[in-house]
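Listing of model09.cif, mmCIF, C-alpha atoms
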```cif
data_model
#
loop_
_atom_site.label_atom_id
_atom_site.label_comp_id
_atom_site.auth_asym_id
_atom_site.auth_seq_id
_atom_site.Cartn_x
_atom_site.Cartn_y
_atom_site.Cartn_z
CA MET C 6 0.00 0.00 0.00
CA ILE C 7 1.17 3.54 -0.79
CA VAL C 8 0.01 6.32 1.53
CA THR C 9 0.49 9.94 0.54
CA VAL C 10 1.01 12.94 2.81
CA THR C 11 0.25 16.38 1.39
CA LEU C 12 1.32 19.05 3.85
CA ASN C 13 -0.14 21.94 1.83
CA PRO C 14 -2.99 20.67 -0.39
CA ALA C 15 -4.84 22.95 -2.77
CA VAL C 16 -7.95 23.30 -4.80
CA ASP C 17 -6.63 23.65 -8.35
CA GLN C 18 -8.66 26.09 -10.42
CA THR C 19 -7.91 25.85 -14.15
CA ILE C 20 -9.30 28.53 -16.47
CA LYS C 21 -9.06 28.33 -20.26
CA MET C 22 -9.24 31.50 -22.34
CA ASN C 23 -9.54 31.90 -26.10
CA THR C 24 -7.68 35.25 -26.01
CA GLY C 25 -4.71 36.68 -24.13
CA LEU C 26 -5.19 38.42 -20.80
CA GLU C 27 -5.78 42.16 -20.81
CA SER C 28 -5.44 44.57 -17.89
CA GLU C 29 -8.43 46.66 -16.74
CA SER C 30 -10.76 44.51 -18.81
CA VAL C 31 -13.51 42.03 -17.89
CA GLN C 32 -12.91 38.80 -19.79
CA ARG C 33 -14.80 35.52 -19.78
CA SER C 34 -13.39 32.03 -19.90
CA VAL C 35 -14.36 29.40 -22.43
CA GLU C 36 -13.83 26.59 -19.93
CA ALA C 37 -13.08 26.27 -16.20
CA GLN C 38 -12.78 23.49 -13.65
CA PHE C 39 -11.90 22.84 -10.01
CA THR C 40 -9.96 19.75 -8.88
CA SER C 41 -8.29 18.62 -5.69
CA GLY C 42 -4.54 19.19 -5.85
CA GLY C 43 -1.18 19.16 -4.15
CA ASN C 44 1.54 16.61 -4.83
CA GLY C 45 0.44 13.80 -2.55
CA VAL C 46 -3.24 14.32 -3.35
CA ASN C 47 -2.43 14.04 -7.05
CA VAL C 48 -0.22 10.99 -6.52
CA SER C 49 -2.98 9.15 -4.61
CA GLN C 50 -5.50 10.01 -7.31
CA PHE C 51 -3.14 8.73 -10.01
CA LEU C 52 -2.34 5.58 -8.02
CA GLN C 53 -6.06 4.87 -7.77
CA ALA C 54 -6.34 5.39 -11.54
CA LEU C 55 -3.53 2.83 -11.94
CA GLY C 56 -5.35 0.34 -9.74
CA SER C 57 -2.98 0.59 -6.76
CA GLU C 58 -4.13 0.55 -3.14
CA THR C 59 -3.65 4.00 -1.63
CA ALA C 60 -4.91 6.48 0.94
CA ALA C 61 -4.43 10.25 1.09
CA THR C 62 -3.72 12.20 4.24
CA GLY C 63 -2.33 15.65 5.01
CA LEU C 64 -3.53 18.97 6.39
CA ILE C 65 -6.77 20.63 5.24
CA GLY C 66 -9.10 23.32 6.49
CA GLY C 67 -12.19 25.36 5.64
CA PHE C 68 -14.63 25.00 2.73
CA THR C 69 -11.82 24.14 0.31
CA GLY C 70 -10.79 21.31 2.60
CA TYR C 71 -14.30 19.86 2.34
CA PHE C 72 -14.10 20.17 -1.44
CA ILE C 73 -10.86 18.16 -1.53
CA GLU C 74 -12.40 15.33 0.49
CA GLU C 75 -15.54 15.27 -1.65
CA ASP C 76 -13.61 15.47 -4.92
CA LEU C 77 -11.28 12.61 -4.00
CA ASP C 78 -14.32 10.55 -3.00
CA THR C 79 -15.60 10.83 -6.58
CA TYR C 80 -12.31 9.22 -7.67
CA ASP C 81 -12.67 6.48 -5.00
CA VAL C 82 -9.56 7.69 -3.17
CA PRO C 83 -9.76 6.96 0.60
CA THR C 84 -8.91 10.03 2.69
CA ASP C 85 -7.89 10.54 6.32
CA PHE C 86 -6.88 14.19 6.71
CA VAL C 87 -5.95 16.24 9.76
CA TRP C 88 -8.11 19.35 10.02
CA VAL C 89 -6.40 22.63 10.88
CA ALA C 90 -7.57 26.20 11.50
CA GLY C 91 -7.71 28.38 8.40
CA VAL C 92 -8.66 27.66 4.80
CA THR C 93 -6.85 25.37 2.38
CA ARG C 94 -5.41 27.38 -0.49
CA ILE C 95 -6.69 27.79 -4.04
CA ASN C 96 -4.13 27.65 -6.87
CA THR C 97 -5.18 29.19 -10.17
CA THR C 98 -3.86 28.30 -13.61
CA ILE C 99 -4.94 30.39 -16.60
CA LEU C 100 -4.38 28.92 -20.06
CA THR C 101 -4.39 31.33 -22.99
CA PRO C 102 -3.61 30.47 -26.63
CA ARG C 103 0.02 31.56 -26.19
CA LYS C 104 0.82 31.64 -22.48
CA LYS C 105 0.21 29.94 -19.16
CA TYR C 106 -0.22 31.88 -15.92
CA GLN C 107 -0.06 30.42 -12.42
CA LEU C 108 -1.00 32.01 -9.09
CA ASN C 109 -0.44 29.86 -6.00
CA GLN C 110 -1.63 30.86 -2.55
CA THR C 111 0.52 30.23 0.53
CA GLY C 112 -1.89 28.35 2.79
CA PRO C 113 -2.72 28.70 6.50
CA THR C 114 -0.11 28.85 9.27
CA VAL C 115 0.09 25.74 11.46
CA ASP C 116 1.86 24.55 14.59
CA SER C 117 4.34 21.70 14.10
CA ASP C 118 2.35 19.67 16.67
CA VAL C 119 0.12 18.59 13.78
CA ILE C 120 2.99 16.34 12.69
CA ASP C 121 2.25 14.03 15.62
CA GLU C 122 -1.33 13.63 14.38
CA LEU C 123 -0.14 12.89 10.84
CA ILE C 124 2.32 10.27 12.03
CA GLU C 125 -0.41 8.58 14.07
CA ILE C 126 -2.69 8.39 11.03
CA VAL C 127 0.02 7.10 8.70
CA SER C 128 1.12 4.45 11.22
CA GLN C 129 -2.40 3.03 11.36
CA TYR C 130 -2.20 2.16 7.65
CA GLU C 131 1.21 0.43 7.90
CA PRO C 132 2.14 1.43 4.34
CA ASP C 133 4.88 -0.22 2.34
CA THR C 134 5.69 3.17 0.81
CA LEU C 135 4.97 6.67 2.06
CA ASN C 136 4.99 9.64 -0.29
CA ILE C 137 5.52 13.10 1.23
CA GLY C 138 4.98 15.82 -1.33
CA GLY C 139 4.37 19.43 -2.12
CA SER C 140 5.17 22.72 -0.47
CA LEU C 141 5.17 23.28 3.29
CA LEU C 142 2.66 25.35 5.22
CA PRO C 143 3.93 28.39 7.12
CA GLY C 144 5.16 27.18 10.51
CA MET C 145 6.74 24.00 9.09
CA ASP C 146 10.29 23.20 7.98
CA ALA C 147 12.41 20.37 6.58
CA ALA C 148 12.79 18.77 10.00
CA ASP C 149 9.06 18.04 9.99
CA VAL C 150 9.43 16.12 6.72
CA ASP C 151 12.32 14.12 8.23
CA ARG C 152 10.18 13.32 11.30
CA ILE C 153 7.42 11.83 9.19
CA ALA C 154 9.84 9.93 6.96
CA THR C 155 11.62 8.25 9.86
CA ALA C 156 8.59 7.60 12.09
CA GLY C 157 7.86 4.10 10.82
CA ASP C 158 9.10 1.05 8.95
CA TRP C 159 8.26 2.21 5.43
CA ASP C 160 10.08 3.32 2.31
CA THR C 161 9.69 7.06 1.77
CA ALA C 162 9.40 9.00 -1.46
CA VAL C 163 9.72 12.76 -1.31
CA GLU C 164 8.80 15.50 -3.78
CA VAL C 165 9.24 18.87 -2.11
CA PRO C 166 10.58 22.31 -3.16
CA GLY C 167 14.30 22.39 -3.88
CA GLU C 168 15.18 24.59 -0.93
CA VAL C 169 13.46 22.09 1.40
CA LEU C 170 15.09 19.16 -0.38
CA ALA C 171 18.51 20.68 0.32
CA GLU C 172 17.81 20.75 4.06
CA LEU C 173 16.57 17.18 4.54
CA ASP C 174 18.80 15.03 6.75
CA ALA C 175 17.06 11.64 6.73
CA GLU C 176 17.69 8.94 4.13
CA TYR C 177 14.99 8.49 1.47
CA GLU C 178 14.31 5.62 -0.91
CA TYR C 179 12.88 7.86 -3.64
CA CYS C 180 13.20 11.51 -4.62
CA LYS C 181 11.39 13.16 -7.57
CA PRO C 182 12.56 16.72 -8.30
CA ASN C 183 11.78 18.63 -11.45
CA ARG C 184 14.46 20.68 -13.20
CA LYS C 185 13.87 23.79 -11.07
CA GLU C 186 13.79 21.84 -7.79
CA LEU C 187 16.94 19.93 -8.71
CA ALA C 188 18.77 23.16 -9.47
CA ALA C 189 17.66 24.75 -6.19
CA ALA C 190 18.60 21.65 -4.17
CA THR C 191 22.11 21.37 -5.65
CA GLY C 192 22.95 24.97 -6.50
CA ARG C 193 23.61 24.01 -10.13
CA GLU C 194 22.24 25.09 -13.48
CA ILE C 195 20.39 22.28 -15.21
CA GLU C 196 20.43 22.95 -18.94
CA SER C 197 21.39 19.55 -20.34
CA VAL C 198 20.78 15.88 -19.68
CA THR C 199 24.39 15.49 -18.50
CA GLU C 200 23.97 18.33 -16.00
CA CYS C 201 20.73 16.74 -14.80
CA VAL C 202 22.49 13.39 -14.31
CA ASP C 203 25.34 14.99 -12.38
CA ALA C 204 22.95 16.89 -10.11
CA ALA C 205 20.81 13.78 -9.54
CA LYS C 206 23.92 11.84 -8.54
CA THR C 207 24.76 14.61 -6.09
CA LEU C 208 21.37 14.12 -4.44
CA GLN C 209 21.93 10.37 -4.37
CA GLU C 210 25.20 10.91 -2.51
CA ARG C 211 23.26 12.93 0.07
CA GLY C 212 21.03 10.00 0.95
CA PHE C 213 18.37 9.69 -1.76
CA GLU C 214 18.63 6.13 -3.06
CA CYS C 215 16.64 6.50 -6.30
CA VAL C 216 16.38 9.94 -7.91
CA ILE C 217 13.79 10.47 -10.65
CA ALA C 218 14.39 13.89 -12.21
CA SER C 219 11.82 15.24 -14.68
CA MET C 220 12.81 17.82 -17.27
CA GLY C 221 9.51 18.53 -19.00
CA SER C 222 9.79 18.26 -22.77
CA ASP C 223 13.44 17.17 -22.41
CA GLY C 224 12.40 13.90 -20.76
CA ALA C 225 13.47 12.34 -17.47
CA VAL C 226 16.48 10.83 -15.73
CA MET C 227 16.52 8.02 -13.19
CA VAL C 228 19.59 7.38 -11.05
CA THR C 229 19.70 4.23 -8.92
CA PRO C 230 22.62 2.61 -7.08
CA GLU C 231 22.99 0.22 -10.03
CA GLU C 232 22.35 2.32 -13.13
CA THR C 233 21.66 5.72 -14.65
CA LEU C 234 18.90 5.95 -17.25
CA TYR C 235 17.59 8.68 -19.54
CA ALA C 236 14.28 8.71 -21.41
CA PRO C 237 13.16 11.46 -23.81
CA ALA C 238 9.57 12.67 -23.50
CA LEU C 239 6.98 11.23 -25.85
CA ASP C 240 5.88 13.48 -28.69
CA VAL C 241 2.34 14.50 -27.70
CA GLU C 242 0.17 17.59 -27.95
CA VAL C 243 0.54 19.49 -24.67
CA VAL C 244 -2.66 20.98 -23.25
CA ASP C 245 -1.65 21.54 -19.63
CA THR C 246 1.42 20.43 -17.66
CA LEU C 247 -0.31 20.59 -14.26
CA GLY C 248 0.23 17.30 -12.41
CA ALA C 249 2.56 15.80 -15.02
CA GLY C 250 5.45 15.30 -12.61
CA ASP C 251 3.12 13.83 -9.99
CA SER C 252 1.76 11.32 -12.51
CA MET C 253 5.33 10.32 -13.34
CA LEU C 254 6.13 9.67 -9.68
CA ALA C 255 2.88 7.77 -9.13
CA ALA C 256 3.54 5.52 -12.12
CA VAL C 257 7.14 4.86 -11.05
CA LEU C 258 6.07 3.93 -7.51
CA TRP C 259 3.27 1.77 -8.91
CA ALA C 260 5.71 0.03 -11.27
CA PHE C 261 8.18 -0.75 -8.50
CA GLU C 262 5.26 -2.04 -6.43
CA GLN C 263 4.56 -4.49 -9.28
CA GLY C 264 8.17 -5.70 -9.11
CA TRP C 265 9.22 -4.01 -12.36
CA ASP C 266 12.85 -3.08 -12.92
CA ALA C 267 14.10 0.52 -13.09
CA GLU C 268 14.01 0.73 -16.89
CA ARG C 269 10.40 -0.39 -17.15
CA ALA C 270 9.41 1.83 -14.20
CA LEU C 271 10.89 4.87 -15.96
CA ARG C 272 9.01 3.96 -19.13
CA ALA C 273 5.77 3.84 -17.13
CA GLY C 274 6.50 7.25 -15.63
CA VAL C 275 7.13 8.84 -19.02
CA VAL C 276 3.94 7.36 -20.50
CA ALA C 277 1.82 8.50 -17.54
CA SER C 278 3.24 12.01 -17.77
CA ALA C 279 2.47 12.10 -21.50
CA GLN C 280 -1.13 11.17 -20.81
CA LEU C 281 -1.51 13.93 -18.21
CA VAL C 282 -0.19 16.76 -20.36
CA GLY C 283 -2.83 15.92 -22.96
CA VAL C 284 -5.74 16.92 -20.69
CA MET C 285 -6.71 20.10 -18.87
CA GLY C 286 -6.17 20.03 -15.11
CA SER C 287 -4.53 17.47 -12.85
CA SER C 288 -7.06 14.64 -12.72
CA VAL C 289 -7.79 11.52 -14.74
CA ARG C 290 -9.90 8.51 -13.90
CA GLU C 291 -7.79 5.90 -15.69
CA LEU C 292 -4.07 5.48 -16.27
CA ASP C 293 -2.67 2.53 -18.19
CA PRO C 294 0.98 2.94 -19.24
CA GLU C 295 1.51 -0.61 -20.48
CA PRO C 296 0.20 -0.27 -24.08
CA ARG C 297 2.72 2.49 -24.83
CA LEU C 298 5.77 1.30 -22.89
CA ASP C 299 7.62 0.26 -26.04
CA GLU C 300 7.28 3.79 -27.45
CA VAL C 301 9.63 5.12 -24.76
CA ARG C 302 13.30 5.04 -25.69
CA ILE C 303 15.81 4.44 -22.89
CA TRP C 304 19.50 5.27 -22.83
CA ALA C 305 21.87 3.86 -20.23
CA MET C 306 24.18 6.68 -19.19
CA ASP C 307 27.73 6.21 -17.98
CA SER C 308 27.88 5.55 -14.24
#
```
Would you give me this structure, written as structure tokens?
Amino acid sequence: MIVTVTLNPAVDQTIKMNTGLESESVQRSVEAQFTSGGNGVNVSQFLQALGSETAATGLIGGFTGYFIEEDLDTYDVPTDFVWVAGVTRINTTILTPRKKYQLNQTGPTVDSDVIDELIEIVSQYEPDTLNIGGSLLPGMDAADVDRIATAGDWDTAVEVPGEVLAELDAEYEYCKPNRKELAAATGREIESVTECVDAAKTLQERGFECVIASMGSDGAVMVTPEETLYAPALDVEVVDTLGAGDSMLAAVLWAFEQGWDAERALRAGVVASAQLVGVMGSSVRELDPEPRLDEVRIWAMDS
């Protein structure tokens, strides 16, 4: 079982426009939707779409917190959140014909005592793998992530902002940064696949056993203790990149849960990501990477 912890969930509002944005002008969208969001929330939803057993926990509050619970219920994702004072944030993405705009709220301030409640909930599920993902609420720091990761006998995957990633002290089985997060965590520019590989290996040396680094349209890198792999992205029409990295992580964790090797797991992650970028928003009801696995090319990089 894979349990996810989202420390700062969100309601993702996606608005599609048929014209560019104009200041001091009232404009109307052609399409809009609300979905539950935040890294762990997305990962649980994708795991459910893949047919994996999962449960989503984290910190929610206010009317948006109720929406997240109700929305995940429509996707048959079990939830067990800790309720906090304040209102869960709303993140807005605006898609215009030429540009994408994102406005993310910060979220409510919390006391680190809520970590004890989260650990108690997670422990009740006895997960094989725990995924801790997304940004941190005000009042939290990297030490809180380490506390959750080391509180039980489970493998831990982490997908947090790069500046938080750089401050983690515990050892982690999986780490899934994007290009920006990898650069922030290592203090390096990531312009090429080689630079991505070098930075991922730096993270591995810091205690992250398997590093899955996504680079958007440039593909993804996976560094394990045994091998270093690179896969270009599939050539698909991109509608919205929201949730693409989370779908990659979910598919990789699901693949390893099936006993697949690293190469096949990376293929699954690339296919899942390609499916997500073809739809608006961060939710799908079905994910099935297997029919397209052979379309993903894999290169073994020098160790």
Take CA of Asp76 in chain C and CA of Pro102 in chain C and report the distance between them in Å, one decimal.
28.2 Å
Distance of CA of Thr40 in chain C from CA of Lys104 in chain C, expressed in Å to one decimal place
21.0 Å
Enter the distance from CA of Pro132 in chain C to CA of Trp159 in chain C, in Å, rounded to one decimal.
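Taking CA of Pro132 in chain C as the start and CA of Trp159 in chain C as the end point, the length is 6.3 Å.
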Result set of the PyMOL selection byres ((chain C and resi 173) around 9) on the coordinates above, as a PyMOL selection string
chain C and resi 147-148+150-151+169-172+174-176
Selection to disk with C-alpha atoms, as an mmCIF file, keeping the file's coordinate frame:
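As a result, result.cif now contains:
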```cif
data_model
loop_
_atom_site.group_PDB
_atom_site.id
_atom_site.type_symbol
_atom_site.label_atom_id
_atom_site.label_comp_id
_atom_site.auth_asym_id
_atom_site.auth_seq_id
_atom_site.Cartn_x
_atom_site.Cartn_y
_atom_site.Cartn_z
ATOM 1 C CA ALA C 147 12.410 20.370 6.580
ATOM 2 C CA ALA C 148 12.790 18.770 10.000
ATOM 3 C CA VAL C 150 9.430 16.120 6.720
ATOM 4 C CA ASP C 151 12.320 14.120 8.230
ATOM 5 C CA VAL C 169 13.460 22.090 1.400
ATOM 6 C CA LEU C 170 15.090 19.160 -0.380
ATOM 7 C CA ALA C 171 18.510 20.680 0.320
ATOM 8 C CA GLU C 172 17.810 20.750 4.060
ATOM 9 C CA ASP C 174 18.800 15.030 6.750
ATOM 10 C CA ALA C 175 17.060 11.640 6.730
ATOM 11 C CA GLU C 176 17.690 8.940 4.130
#
```
Any chance you could work out the residue set of the PyMOL selection byres ((chain C and resi 262) around 9) here, as number ranges by chain?
C: 6-7, 57, 133-134, 257-261, 263-265
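Among the candidates C:Ser252, C:Met306, C:Gly56, C:Ile99, the residue lying nearest to Glu36 in chain C is C:Ile99 (atoms considered: all atoms listed in the file).
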Can you build me a table of range 136-168 of chain C residues sitting at most 12 Å from range 216-238 of chain C, with the closest atom pair per residue and its distance in Å to one decimal, using only C-alpha atoms, sorted by chain and residue number, as JSON lines?
```
{"residue": "C:Ala162", "atom": "CA", "partner": "C:Val216", "partner_atom": "CA", "distance": 9.6}
{"residue": "C:Val163", "atom": "CA", "partner": "C:Val216", "partner_atom": "CA", "distance": 9.8}
{"residue": "C:Glu164", "atom": "CA", "partner": "C:Ile217", "partner_atom": "CA", "distance": 9.9}
{"residue": "C:Gly167", "atom": "CA", "partner": "C:Ala218", "partner_atom": "CA", "distance": 11.9}
```
